[in-house]
file start-v4.cif (mmCIF, C-alpha atoms)
data_work
#
loop_
_atom_site.label_atom_id
_atom_site.label_comp_id
_atom_site.auth_asym_id
_atom_site.auth_seq_id
_atom_site.Cartn_x
_atom_site.Cartn_y
_atom_site.Cartn_z
CA MET T 68 -67.82 20.53 -67.84
CA GLN T 69 -65.72 19.53 -64.85
CA GLU T 70 -66.62 16.29 -63.06
CA ALA T 71 -68.09 16.97 -59.66
CA PHE T 72 -66.16 15.43 -56.79
CA ILE T 73 -65.95 15.65 -53.00
CA ALA T 74 -63.28 14.04 -50.84
CA VAL T 75 -63.21 14.53 -47.10
CA ARG T 76 -60.41 12.93 -45.08
CA ASP T 77 -60.18 12.60 -41.30
CA LEU T 78 -62.35 15.64 -40.72
CA ALA T 79 -62.89 16.99 -37.23
CA CYS T 80 -65.24 19.83 -36.38
CA ARG T 81 -65.19 22.05 -33.33
CA ARG T 82 -67.85 24.49 -32.20
CA GLY T 83 -66.66 26.64 -29.34
CA ASP T 84 -64.89 24.36 -26.85
CA ARG T 85 -66.65 21.19 -27.99
CA VAL T 86 -65.43 18.79 -30.68
CA LEU T 87 -68.61 17.67 -32.45
CA PHE T 88 -67.18 14.86 -34.54
CA ARG T 89 -63.80 13.57 -35.64
CA GLY T 90 -62.27 11.01 -38.02
CA LEU T 91 -64.94 11.53 -40.67
CA SER T 92 -63.96 10.51 -44.21
CA LEU T 93 -66.17 10.35 -47.27
CA THR T 94 -65.81 10.39 -51.03
CA MET T 95 -68.53 11.36 -53.49
CA ASN T 96 -68.29 11.10 -57.26
CA ALA T 97 -70.50 12.55 -59.97
CA GLY T 98 -74.10 11.36 -59.75
CA GLU T 99 -73.94 10.27 -56.12
CA ALA T 100 -76.20 11.36 -53.31
CA LEU T 101 -75.65 11.07 -49.57
CA ARG T 102 -77.85 11.86 -46.60
CA VAL T 103 -76.16 13.01 -43.42
CA ALA T 104 -78.37 11.79 -40.60
CA GLY T 105 -78.30 12.58 -36.92
CA SER T 106 -80.12 14.34 -34.15
CA ASN T 107 -80.18 18.10 -33.60
CA GLY T 108 -76.89 19.74 -32.73
CA ILE T 109 -74.74 16.80 -33.79
CA GLY T 110 -72.99 18.87 -36.46
CA LYS T 111 -74.88 18.24 -39.72
CA SER T 112 -75.01 21.91 -40.68
CA SER T 113 -71.41 22.43 -39.57
CA LEU T 114 -70.30 19.56 -41.83
CA LEU T 115 -72.05 21.16 -44.81
CA ARG T 116 -70.56 24.57 -44.07
CA ILE T 117 -67.07 23.07 -43.80
CA VAL T 118 -67.49 21.24 -47.12
CA ALA T 119 -68.72 24.53 -48.63
CA GLY T 120 -65.57 26.25 -47.39
CA LEU T 121 -67.60 28.68 -45.26
CA ALA T 122 -66.30 27.36 -41.94
CA PRO T 123 -62.80 26.17 -41.06
CA ALA T 124 -62.12 22.49 -40.38
CA PHE T 125 -60.66 21.79 -36.94
CA ASP T 126 -58.63 18.95 -38.42
CA GLY T 127 -58.41 16.98 -41.65
CA ASN T 128 -58.79 18.19 -45.21
CA ILE T 129 -61.44 18.66 -47.87
CA GLU T 130 -61.12 18.59 -51.61
CA THR T 131 -63.98 19.59 -53.90
CA ARG T 132 -64.26 20.01 -57.65
CA GLY T 133 -67.17 21.85 -59.23
CA ALA T 134 -69.19 24.88 -58.16
CA ILE T 135 -71.02 24.55 -54.84
CA GLY T 136 -74.60 25.61 -54.19
CA LEU T 137 -76.01 25.80 -50.68
CA VAL T 138 -79.57 25.97 -49.39
CA ASP T 139 -79.93 26.46 -45.65
CA GLU T 140 -82.48 28.07 -43.37
CA ARG T 141 -81.75 31.53 -44.77
CA PRO T 142 -83.15 32.10 -48.26
CA ALA T 143 -80.67 34.92 -49.10
CA LEU T 144 -83.44 36.88 -50.82
CA ASP T 145 -84.08 40.54 -49.99
CA PRO T 146 -87.13 40.46 -47.66
CA HIS T 147 -88.67 43.74 -48.80
CA LEU T 148 -88.35 43.05 -52.54
CA PRO T 149 -90.97 41.21 -54.61
CA LEU T 150 -89.89 37.60 -55.17
CA GLY T 151 -89.33 38.18 -58.90
CA LYS T 152 -86.85 40.99 -58.27
CA ALA T 153 -85.11 39.18 -55.40
CA LEU T 154 -84.56 36.15 -57.65
CA GLY T 155 -83.66 38.47 -60.52
CA PHE T 156 -80.65 39.71 -58.56
CA TRP T 157 -79.23 36.17 -58.38
CA GLN T 158 -80.12 35.54 -62.03
CA ARG T 159 -77.95 38.49 -62.99
CA ILE T 160 -75.12 37.30 -60.72
CA ASP T 161 -75.30 33.71 -62.01
CA GLY T 162 -76.03 34.60 -65.63
CA ALA T 163 -79.67 34.34 -66.71
CA ALA T 164 -80.92 30.84 -66.16
CA ASP T 165 -84.14 28.87 -65.94
CA ASN T 166 -85.32 28.72 -62.33
CA GLU T 167 -88.11 26.14 -62.85
CA LEU T 168 -90.50 28.66 -61.30
CA GLY T 169 -93.56 26.95 -62.75
CA ARG T 170 -92.68 23.54 -61.35
CA LEU T 171 -91.88 25.01 -57.96
CA GLY T 172 -95.27 26.73 -57.88
CA LEU T 173 -93.73 30.21 -57.66
CA ALA T 174 -94.91 31.67 -60.96
CA GLY T 175 -97.93 33.28 -59.29
CA LEU T 176 -95.93 34.71 -56.39
CA LEU T 177 -93.44 36.88 -58.26
CA ASP T 178 -95.12 40.14 -57.18
CA VAL T 179 -95.30 39.18 -53.50
CA PRO T 180 -92.59 40.66 -51.23
CA VAL T 181 -90.35 37.90 -49.88
CA ARG T 182 -91.18 38.76 -46.25
CA TYR T 183 -94.86 37.87 -46.85
CA LEU T 184 -94.02 34.38 -48.13
CA SER T 185 -94.62 31.37 -45.91
CA THR T 186 -91.75 29.19 -44.66
CA GLY T 187 -92.41 26.60 -47.35
CA GLN T 188 -92.68 29.20 -50.10
CA LYS T 189 -89.35 30.74 -49.04
CA LYS T 190 -87.78 27.30 -49.10
CA ARG T 191 -89.06 26.73 -52.63
CA ALA T 192 -87.74 30.17 -53.62
CA ALA T 193 -84.33 29.21 -52.25
CA LEU T 194 -84.48 26.02 -54.36
CA ALA T 195 -85.26 28.18 -57.41
CA ARG T 196 -82.17 30.25 -56.61
CA LEU T 197 -80.11 27.05 -56.31
CA ILE T 198 -81.37 25.71 -59.66
CA GLY T 199 -80.50 29.00 -61.36
CA GLN T 200 -76.97 28.80 -60.00
CA LYS T 201 -76.31 25.60 -62.02
CA ALA T 202 -73.78 24.39 -59.44
CA ARG T 203 -72.52 20.80 -59.76
CA ILE T 204 -72.52 20.19 -56.02
CA TRP T 205 -75.72 20.71 -54.04
CA LEU T 206 -75.46 21.06 -50.28
CA LEU T 207 -78.97 20.94 -48.84
CA ASP T 208 -79.38 21.72 -45.15
CA GLU T 209 -82.76 20.41 -43.92
CA PRO T 210 -84.34 20.99 -47.33
CA LEU T 211 -87.68 19.42 -46.35
CA ASN T 212 -88.34 21.65 -43.32
CA GLY T 213 -91.59 23.55 -43.70
CA LEU T 214 -92.53 21.88 -46.98
CA ASP T 215 -95.86 20.14 -47.62
CA GLY T 216 -96.02 16.58 -48.98
CA HIS T 217 -96.20 17.65 -52.59
CA ALA T 218 -93.25 20.05 -52.28
CA MET T 219 -91.22 17.35 -50.48
CA GLU T 220 -91.71 14.97 -53.41
CA LEU T 221 -90.83 17.77 -55.81
CA THR T 222 -87.60 18.54 -53.91
CA GLU T 223 -86.64 14.88 -53.99
CA ALA T 224 -87.42 14.73 -57.71
CA LEU T 225 -85.30 17.81 -58.40
CA ALA T 226 -82.38 16.33 -56.44
CA ALA T 227 -82.77 13.04 -58.35
CA GLU T 228 -82.64 14.90 -61.67
CA HIS T 229 -79.61 16.83 -60.50
CA CYS T 230 -77.76 13.62 -59.63
CA GLY T 231 -78.96 11.99 -62.86
CA ALA T 232 -77.28 14.82 -64.75
CA GLY T 233 -73.94 14.14 -63.07
CA GLY T 234 -74.37 16.36 -60.04
CA ILE T 235 -73.69 15.58 -56.39
CA ALA T 236 -76.24 16.03 -53.61
CA LEU T 237 -75.14 16.08 -49.99
CA VAL T 238 -78.26 16.36 -47.87
CA ALA T 239 -78.33 17.02 -44.14
CA SER T 240 -81.72 15.98 -42.86
CA HIS T 241 -83.16 14.47 -39.72
CA GLN T 242 -86.06 13.08 -41.72
CA ALA T 243 -86.01 10.53 -44.55
CA PHE T 244 -85.04 11.81 -47.99
CA GLN T 245 -86.17 9.46 -50.76
CA LEU T 246 -83.61 9.28 -53.52
CA PRO T 247 -82.68 6.23 -55.58
CA GLY T 248 -79.23 4.93 -54.67
CA MET T 249 -78.77 7.37 -51.82
CA GLY T 250 -76.35 6.41 -49.06
CA THR T 251 -76.75 7.39 -45.45
CA LEU T 252 -74.03 8.68 -43.17
CA ALA T 253 -74.91 8.48 -39.48
CA LEU T 254 -72.98 11.33 -37.95
CA ALA T 255 -73.44 9.82 -34.48
CA ASP T 256 -70.84 7.15 -35.44
CA TYR T 257 -68.18 9.84 -35.54
CA ALA T 258 -69.24 11.79 -32.47
CA ALA T 259 -66.22 12.71 -30.36
CA MET U 19 -66.46 40.68 -63.23
CA THR U 20 -67.66 44.17 -64.23
CA GLY U 21 -71.12 42.69 -64.67
CA ARG U 22 -71.16 41.43 -61.10
CA PHE U 23 -69.73 44.75 -59.87
CA GLY U 24 -72.57 46.59 -61.60
CA THR U 25 -75.18 44.16 -60.32
CA LEU U 26 -73.96 44.52 -56.74
CA LEU U 27 -73.79 48.32 -57.03
CA ARG U 28 -77.30 48.52 -58.46
CA ARG U 29 -78.68 46.44 -55.59
CA ASP U 30 -76.81 48.53 -52.99
CA LEU U 31 -78.00 51.79 -54.50
CA ALA U 32 -81.59 50.55 -54.62
CA ARG U 33 -81.36 49.79 -50.92
CA LEU U 34 -79.33 52.78 -49.72
CA LEU U 35 -80.06 55.65 -52.12
CA VAL U 36 -83.63 55.01 -53.21
CA GLY U 37 -84.94 53.57 -50.01
CA GLY U 38 -86.52 50.35 -48.94
CA ARG U 39 -87.43 50.38 -45.28
CA GLY U 40 -84.93 52.98 -44.07
CA GLY U 41 -86.02 55.85 -46.30
CA GLY U 42 -82.80 55.88 -48.33
CA ALA U 43 -80.93 59.15 -48.68
CA VAL U 44 -83.91 61.27 -47.58
CA LEU U 45 -83.54 60.71 -43.85
CA PRO U 46 -79.87 61.81 -43.47
CA VAL U 47 -80.53 64.89 -45.62
CA LEU U 48 -83.57 65.92 -43.57
CA PHE U 49 -81.60 65.34 -40.36
CA PHE U 50 -78.76 67.47 -41.72
CA LEU U 51 -81.07 70.29 -42.75
CA SER U 52 -82.93 70.27 -39.44
CA VAL U 53 -79.64 70.73 -37.54
CA ALA U 54 -78.77 73.69 -39.77
CA MET U 55 -82.26 75.08 -39.13
CA LEU U 56 -82.21 74.54 -35.36
CA TYR U 57 -78.76 76.02 -34.75
CA PRO U 58 -79.74 79.69 -35.39
CA PHE U 59 -82.72 79.23 -33.06
CA ALA U 60 -80.41 77.96 -30.34
CA VAL U 61 -77.63 80.57 -30.53
CA GLY U 62 -79.71 83.57 -31.59
CA PRO U 63 -79.79 85.69 -34.76
CA ASP U 64 -76.27 87.12 -34.47
CA ALA U 65 -75.23 87.06 -38.15
CA GLN U 66 -71.50 87.37 -37.44
CA LEU U 67 -71.48 84.53 -34.91
CA LEU U 68 -73.51 82.32 -37.26
CA ALA U 69 -71.22 83.03 -40.19
CA ARG U 70 -68.13 82.32 -38.07
CA THR U 71 -69.38 79.02 -36.56
CA GLY U 72 -71.73 77.86 -39.34
CA GLY U 73 -69.09 75.90 -41.26
CA GLY U 74 -68.25 73.85 -38.19
CA VAL U 75 -71.94 73.15 -37.55
CA ILE U 76 -72.31 71.87 -41.11
CA TRP U 77 -69.39 69.51 -40.56
CA VAL U 78 -70.78 68.14 -37.29
CA ALA U 79 -74.23 67.73 -38.85
CA ALA U 80 -72.71 65.90 -41.85
CA LEU U 81 -70.79 63.53 -39.57
CA LEU U 82 -73.88 62.69 -37.52
CA ALA U 83 -76.06 62.33 -40.63
CA ALA U 84 -73.55 59.81 -42.03
CA ILE U 85 -74.04 57.65 -38.94
CA LEU U 86 -77.82 57.25 -39.43
CA PRO U 87 -77.77 54.46 -42.04
CA LEU U 88 -75.00 52.39 -40.38
CA ASP U 89 -77.24 49.62 -39.00
CA ARG U 90 -78.55 48.65 -42.44
CA LEU U 91 -75.18 48.74 -44.22
CA VAL U 92 -73.86 45.22 -43.49
CA GLU U 93 -75.86 43.39 -40.84
CA PRO U 94 -79.00 42.52 -42.88
CA ASP U 95 -76.87 40.80 -45.54
CA ILE U 96 -75.06 38.68 -42.95
CA GLU U 97 -78.37 37.71 -41.32
CA GLN U 98 -79.94 36.69 -44.62
CA GLY U 99 -76.93 34.64 -45.67
CA MET U 100 -76.12 36.86 -48.66
CA PHE U 101 -72.39 36.90 -47.86
CA ASP U 102 -72.31 33.07 -47.76
CA GLN U 103 -73.95 32.88 -51.18
CA TRP U 104 -71.53 35.46 -52.58
CA ALA U 105 -68.56 33.55 -51.16
CA LEU U 106 -69.78 30.33 -52.83
CA ARG U 107 -69.82 32.18 -56.14
CA GLY U 108 -66.27 33.45 -55.68
CA ILE U 109 -67.32 37.04 -54.91
CA SER U 110 -64.98 38.12 -52.13
CA GLU U 111 -66.10 39.98 -49.03
CA GLU U 112 -63.58 42.68 -49.90
CA MET U 113 -65.28 43.36 -53.23
CA VAL U 114 -68.74 43.48 -51.65
CA ILE U 115 -67.48 45.90 -48.98
CA ALA U 116 -65.76 48.11 -51.58
CA VAL U 117 -68.96 48.29 -53.63
CA ARG U 118 -70.94 49.04 -50.48
CA MET U 119 -68.58 51.91 -49.58
CA LEU U 120 -69.18 53.43 -53.00
CA ALA U 121 -72.95 53.02 -52.71
CA HIS U 122 -72.98 54.38 -49.15
CA TRP U 123 -70.98 57.43 -50.22
CA LEU U 124 -73.20 58.05 -53.26
CA SER U 125 -76.27 57.88 -51.03
CA PHE U 126 -75.14 60.48 -48.51
CA GLY U 127 -72.07 62.41 -49.82
CA PRO U 128 -73.47 64.17 -52.89
CA PRO U 129 -76.94 64.64 -51.31
CA LEU U 130 -75.36 66.33 -48.27
CA MET U 131 -73.20 68.51 -50.53
CA LEU U 132 -76.39 69.64 -52.28
CA ALA U 133 -78.16 70.18 -48.96
CA THR U 134 -75.19 72.30 -47.85
CA LEU U 135 -76.41 75.03 -50.25
CA PRO U 136 -79.68 75.74 -48.37
CA ALA U 137 -77.94 75.02 -45.05
CA SER U 138 -75.28 77.67 -45.70
CA ALA U 139 -78.03 80.15 -46.54
CA LEU U 140 -79.74 79.37 -43.23
CA LEU U 141 -76.46 79.94 -41.40
CA GLY U 142 -75.47 83.03 -43.40
CA LEU U 143 -72.13 81.67 -44.72
CA ASP U 144 -70.33 83.80 -47.29
CA ALA U 145 -69.41 82.45 -50.72
CA GLU U 146 -65.77 81.76 -49.81
CA SER U 147 -66.69 79.71 -46.71
CA LEU U 148 -69.30 77.81 -48.72
CA ARG U 149 -66.65 76.94 -51.32
CA ILE U 150 -64.26 75.63 -48.67
CA VAL U 151 -67.01 73.64 -46.92
CA GLU U 152 -68.08 72.05 -50.21
CA ILE U 153 -64.52 71.11 -51.19
CA GLY U 154 -63.92 69.83 -47.66
CA LEU U 155 -67.04 67.65 -47.79
CA LEU U 156 -66.00 66.32 -51.18
CA ALA U 157 -62.63 65.35 -49.68
CA GLY U 158 -63.93 64.13 -46.33
CA THR U 159 -67.19 62.26 -46.98
CA PRO U 160 -65.53 59.33 -48.84
CA GLY U 161 -63.47 58.75 -45.70
CA LEU U 162 -66.61 58.92 -43.58
CA ALA U 163 -68.27 56.36 -45.88
CA ALA U 164 -65.26 54.00 -45.60
CA LEU U 165 -65.21 54.37 -41.84
CA GLY U 166 -68.96 53.81 -41.59
CA VAL U 167 -68.94 50.58 -43.62
CA THR U 168 -65.91 49.21 -41.73
CA VAL U 169 -67.46 49.87 -38.34
CA ALA U 170 -70.83 48.51 -39.50
CA ALA U 171 -69.07 45.28 -40.54
CA LEU U 172 -67.20 45.09 -37.24
CA THR U 173 -70.30 45.53 -35.10
CA SER U 174 -72.67 43.36 -37.16
CA GLY U 175 -74.02 40.52 -35.09
CA LEU U 176 -73.28 42.24 -31.79
CA ARG U 177 -76.12 43.11 -29.47
CA GLY U 178 -76.76 46.84 -29.64
CA GLY U 179 -74.49 46.98 -32.68
CA ALA U 180 -76.26 50.01 -34.12
CA ALA U 181 -75.69 52.23 -31.08
CA LEU U 182 -72.16 50.91 -30.68
CA SER U 183 -71.23 51.65 -34.28
CA GLY U 184 -72.27 55.27 -33.84
CA LEU U 185 -70.08 55.56 -30.77
CA LEU U 186 -67.14 53.96 -32.57
CA VAL U 187 -67.37 56.11 -35.68
CA ILE U 188 -67.37 59.42 -33.82
CA PRO U 189 -63.87 59.25 -32.28
CA MET U 190 -62.35 57.77 -35.43
CA ALA U 191 -63.89 60.56 -37.51
CA VAL U 192 -62.20 63.25 -35.39
CA PRO U 193 -59.20 63.69 -37.75
CA LEU U 194 -61.53 64.27 -40.70
CA LEU U 195 -63.52 66.78 -38.64
CA ILE U 196 -60.44 68.65 -37.38
CA PHE U 197 -58.86 69.00 -40.81
CA GLY U 198 -62.14 69.56 -42.65
CA ALA U 199 -63.68 72.12 -40.33
CA GLY U 200 -60.23 73.54 -39.51
CA SER U 201 -59.65 74.44 -43.15
CA LEU U 202 -62.35 77.12 -42.67
CA SER U 203 -60.33 79.15 -40.20
CA VAL U 204 -56.58 78.61 -40.04
CA ALA U 205 -55.42 75.69 -42.10
CA GLY U 206 -56.85 76.73 -45.47
CA GLU U 207 -55.81 74.63 -48.42
CA SER U 208 -53.39 72.48 -46.43
CA GLY U 209 -56.32 71.55 -44.19
CA LEU U 210 -58.25 70.38 -47.24
CA ALA U 211 -55.23 68.37 -48.39
CA LEU U 212 -54.97 66.68 -44.99
CA THR U 213 -58.71 65.91 -45.06
CA ALA U 214 -58.24 64.23 -48.43
CA ALA U 215 -55.18 62.35 -47.13
CA ALA U 216 -57.09 61.03 -44.09
CA SER U 217 -59.91 59.99 -46.43
CA LEU U 218 -57.52 58.12 -48.73
CA VAL U 219 -56.00 56.18 -45.83
CA LEU U 220 -59.47 55.12 -44.66
CA LEU U 221 -60.51 54.20 -48.21
CA ALA U 222 -57.42 52.03 -48.63
CA ILE U 223 -57.87 50.14 -45.36
CA ALA U 224 -61.65 49.75 -45.28
CA PRO U 225 -62.28 46.93 -47.82
CA PHE U 226 -59.73 44.67 -46.14
CA ALA U 227 -60.75 45.48 -42.56
CA GLY U 228 -64.43 45.20 -43.46
CA GLY U 229 -63.94 41.95 -45.38
CA ALA U 230 -62.02 40.39 -42.51
CA ALA U 231 -64.75 41.51 -40.09
CA VAL U 232 -67.47 39.85 -42.18
CA ARG U 233 -65.50 36.58 -42.32
CA ALA U 234 -64.91 36.72 -38.57
CA ALA U 235 -68.64 37.25 -37.95
CA ARG U 236 -69.36 34.09 -39.98
CA GLY U 237 -67.64 31.99 -37.31
#
call {"tool": "encode", "arguments": {"input": "start-v4.cif", "output": "structure tokens"}}
result
Amino acid sequence: MQEAFIAVRDLACRRGDRVLFRGLSLTMNAGEALRVAGSNGIGKSSLLRIVAGLAPAFDGNIETRGAIGLVDERPALDPHLPLGKALGFWQRIDGAADNELGRLGLAGLLDVPVRYLSTGQKKRAALARLIGQKARIWLLDEPLNGLDGHAMELTEALAAEHCGAGGIALVASHQAFQLPGMGTLALADYAA
Amino acid sequence: MTGRFGTLLRRDLARLLVGGRGGGAVLPVLFFLSVAMLYPFAVGPDAQLLARTGGGVIWVAALLAAILPLDRLVEPDIEQGMFDQWALRGISEEMVIAVRMLAHWLSFGPPLMLATLPASALLGLDAESLRIVEIGLLAGTPGLAALGVTVAALTSGLRGGAALSGLLVIPMAVPLLIFGAGSLSVAGESGLALTAAASLVLLAIAPFAGGAAVRAARG
């Protein structure tokens, strides 16, 4: 399997007329984890979307190796479908995979339509989708929002296992994310 | 790749043909049939007049029925982040839009062609007119589907996008309507050929225009 790798050089990000940050460089190798910290609106989500290739960089360049998985505030699960079927769609796209449903506490919710799930349950369902994707690079945008204490620990444990298996985790979060050996990038240092 | 194509098509058909919230293919068909039923009430029971104008009414009803599902064609998937997840997996917007065009057509084209049988009876069309209307719909509805998906992608994320997409589709569907309904009176087979030609142009452009629109909406 290909080694996961992210290299960002001299990145600048613009939203509308405003340059959010500039001169940002970072390198991540297999097994590394990094938390992007900063207050609301400073550009954490934009940074993740640029790394994912979903938004254009205003300046600078990005190089990534390995498949990219993204979890943000939208679960990307059909709201009117039962959770099992909504996840089943992604299982067929990604090739059948183990979603760790039991560990995520979703095994009993498979018949419940996604729109009836709570915020935390949707977040856990999105994590299940991410695990099934088997991507080497995890981009997590505020993964702890709406989760209870137990689910927070579980998310951190899953990210730790992912990095232990040679994956990369880039986490945008305004709250602490406990992960052994995790670096922190204060986005405010690069604010334009 | 064929596996992903099939998976996407199955999901689209489950949403558009079978139902979900919007009622699937049932709503456009009922709308179409109610127009065909109301028209004789409005113009009176003159059999000759009905037979002469009925084909055109069927075409107008089909065009308007095709507009009904536009608001749930593209926008929900952008809102829920589905397009982002597909892009991360290397599934291009163009492919998703092409699959959606096929699913949209399957969910209103063939059902409307079936509903044209009772509608033509209500309007007193003769067998020859019915044949031309059916062939015309077969040639024209794929173009309507392509146009509908493109416009739905263009207007997704705009306020009042649903109403706007209806207004945008109508003028752009005029060529299809002129050639399709026109083949009933003067144009004959060449009218049908022009309907098919207009459809093919729309089918060829739509995946690229729609895909570009989805990427632009991502911002």
call {"tool": "residues_around", "arguments": {"input": "start-v4.cif", "residues": "segment 82-96 of chain U", "least_positions_apart": "6", "cutoff": "6 Å", "atoms": "only C-alpha atoms", "output": "PyMOL selection string"}}
result
chain U and resi 46+50+170-171+174+180+184
call {"tool": "resolve_selection", "arguments": {"input": "start-v4.cif", "expression": "the PyMOL selection byres ((chain T) within 12 of (chain U))", "output": "PyMOL selection string"}}
result
chain T and resi 81-83+113+116-124+133-149+152-153+155-162+180-182+189+193+196-197+200-202+204-206
call {"tool": "resolve_selection", "arguments": {"input": "start-v4.cif", "expression": "the PyMOL selection byres ((chain U and resi 127) around 8)", "output": "ChimeraX atom specification"}}
result
/U:123-126,128-131,155-156,159-160
call {"tool": "resolve_selection", "arguments": {"input": "start-v4.cif", "expression": "the PyMOL selection byres ((chain U and resi 195) around 12)", "output": "ChimeraX atom specification"}}
result
/U:73-82,151,154-155,157-159,161-162,187-194,196-202,209-210,212-214,216-217
call {"tool": "write_last_selection", "arguments": {"input": "start-v4.cif", "atoms": "C-alpha atoms", "output": "PDB file, in the frame of the given file"}}
result
ATOM      1  CA  GLY U  73     -69.090  75.900 -41.260  1.00  0.00           C
ATOM      2  CA  GLY U  74     -68.250  73.850 -38.190  1.00  0.00           C
ATOM      3  CA  VAL U  75     -71.940  73.150 -37.550  1.00  0.00           C
ATOM      4  CA  ILE U  76     -72.310  71.870 -41.110  1.00  0.00           C
ATOM      5  CA  TRP U  77     -69.390  69.510 -40.560  1.00  0.00           C
ATOM      6  CA  VAL U  78     -70.780  68.140 -37.290  1.00  0.00           C
ATOM      7  CA  ALA U  79     -74.230  67.730 -38.850  1.00  0.00           C
ATOM      8  CA  ALA U  80     -72.710  65.900 -41.850  1.00  0.00           C
ATOM      9  CA  LEU U  81     -70.790  63.530 -39.570  1.00  0.00           C
ATOM     10  CA  LEU U  82     -73.880  62.690 -37.520  1.00  0.00           C
ATOM     11  CA  VAL U 151     -67.010  73.640 -46.920  1.00  0.00           C
ATOM     12  CA  GLY U 154     -63.920  69.830 -47.660  1.00  0.00           C
ATOM     13  CA  LEU U 155     -67.040  67.650 -47.790  1.00  0.00           C
ATOM     14  CA  ALA U 157     -62.630  65.350 -49.680  1.00  0.00           C
ATOM     15  CA  GLY U 158     -63.930  64.130 -46.330  1.00  0.00           C
ATOM     16  CA  THR U 159     -67.190  62.260 -46.980  1.00  0.00           C
ATOM     17  CA  GLY U 161     -63.470  58.750 -45.700  1.00  0.00           C
ATOM     18  CA  LEU U 162     -66.610  58.920 -43.580  1.00  0.00           C
ATOM     19  CA  VAL U 187     -67.370  56.110 -35.680  1.00  0.00           C
ATOM     20  CA  ILE U 188     -67.370  59.420 -33.820  1.00  0.00           C
ATOM     21  CA  PRO U 189     -63.870  59.250 -32.280  1.00  0.00           C
ATOM     22  CA  MET U 190     -62.350  57.770 -35.430  1.00  0.00           C
ATOM     23  CA  ALA U 191     -63.890  60.560 -37.510  1.00  0.00           C
ATOM     24  CA  VAL U 192     -62.200  63.250 -35.390  1.00  0.00           C
ATOM     25  CA  PRO U 193     -59.200  63.690 -37.750  1.00  0.00           C
ATOM     26  CA  LEU U 194     -61.530  64.270 -40.700  1.00  0.00           C
ATOM     27  CA  ILE U 196     -60.440  68.650 -37.380  1.00  0.00           C
ATOM     28  CA  PHE U 197     -58.860  69.000 -40.810  1.00  0.00           C
ATOM     29  CA  GLY U 198     -62.140  69.560 -42.650  1.00  0.00           C
ATOM     30  CA  ALA U 199     -63.680  72.120 -40.330  1.00  0.00           C
ATOM     31  CA  GLY U 200     -60.230  73.540 -39.510  1.00  0.00           C
ATOM     32  CA  SER U 201     -59.650  74.440 -43.150  1.00  0.00           C
ATOM     33  CA  LEU U 202     -62.350  77.120 -42.670  1.00  0.00           C
ATOM     34  CA  GLY U 209     -56.320  71.550 -44.190  1.00  0.00           C
ATOM     35  CA  LEU U 210     -58.250  70.380 -47.240  1.00  0.00           C
ATOM     36  CA  LEU U 212     -54.970  66.680 -44.990  1.00  0.00           C
ATOM     37  CA  THR U 213     -58.710  65.910 -45.060  1.00  0.00           C
ATOM     38  CA  ALA U 214     -58.240  64.230 -48.430  1.00  0.00           C
ATOM     39  CA  ALA U 216     -57.090  61.030 -44.090  1.00  0.00           C
ATOM     40  CA  SER U 217     -59.910  59.990 -46.430  1.00  0.00           C
TER      41      SER U 217
END
call {"tool": "atom_distance", "arguments": {"input": "start-v4.cif", "atom1": "atom CA of Val179 of chain T", "atom2": "atom CA of Glu223 of chain T"}}
result
25.8 Å
call {"tool": "residues_around", "arguments": {"input": "start-v4.cif", "residues": "Ala139 of chain U", "least_positions_apart": "4", "cutoff": "10 Å", "atoms": "only C-alpha atoms", "output": "number ranges by chain"}}
result
U: 54-55, 69, 72, 134-135, 143-145, 148
call {"tool": "write_last_selection", "arguments": {"input": "start-v4.cif", "atoms": "C-alpha atoms", "output": "short mmCIF file (atom, residue, chain, number, x, y, z; two decimals), in the frame of the given file"}}
result
data_model
loop_
_atom_site.label_atom_id
_atom_site.label_comp_id
_atom_site.auth_asym_id
_atom_site.auth_seq_id
_atom_site.Cartn_x
_atom_site.Cartn_y
_atom_site.Cartn_z
CA ALA U 54 -78.77 73.69 -39.77
CA MET U 55 -82.26 75.08 -39.13
CA ALA U 69 -71.22 83.03 -40.19
CA GLY U 72 -71.73 77.86 -39.34
CA THR U 134 -75.19 72.30 -47.85
CA LEU U 135 -76.41 75.03 -50.25
CA LEU U 143 -72.13 81.67 -44.72
CA ASP U 144 -70.33 83.80 -47.29
CA ALA U 145 -69.41 82.45 -50.72
CA LEU U 148 -69.30 77.81 -48.72
#
call {"tool": "atom_distance", "arguments": {"input": "start-v4.cif", "atom1": "atom CA of Ile223 of chain U", "atom2": "atom CA of Ser183 of chain U"}}
result
17.4 Å
call {"tool": "residues_around", "arguments": {"input": "start-v4.cif", "residues": "Leu221 of chain T", "least_positions_apart": "2", "cutoff": "12 Å", "atoms": "only C-alpha atoms", "output": "count of residues only"}}
result
25
call {"tool": "atom_distance", "arguments": {"input": "start-v4.cif", "atom1": "atom CA of Arg118 of chain U", "atom2": "atom CA of Leu184 of chain T"}}
result
27.4 Å
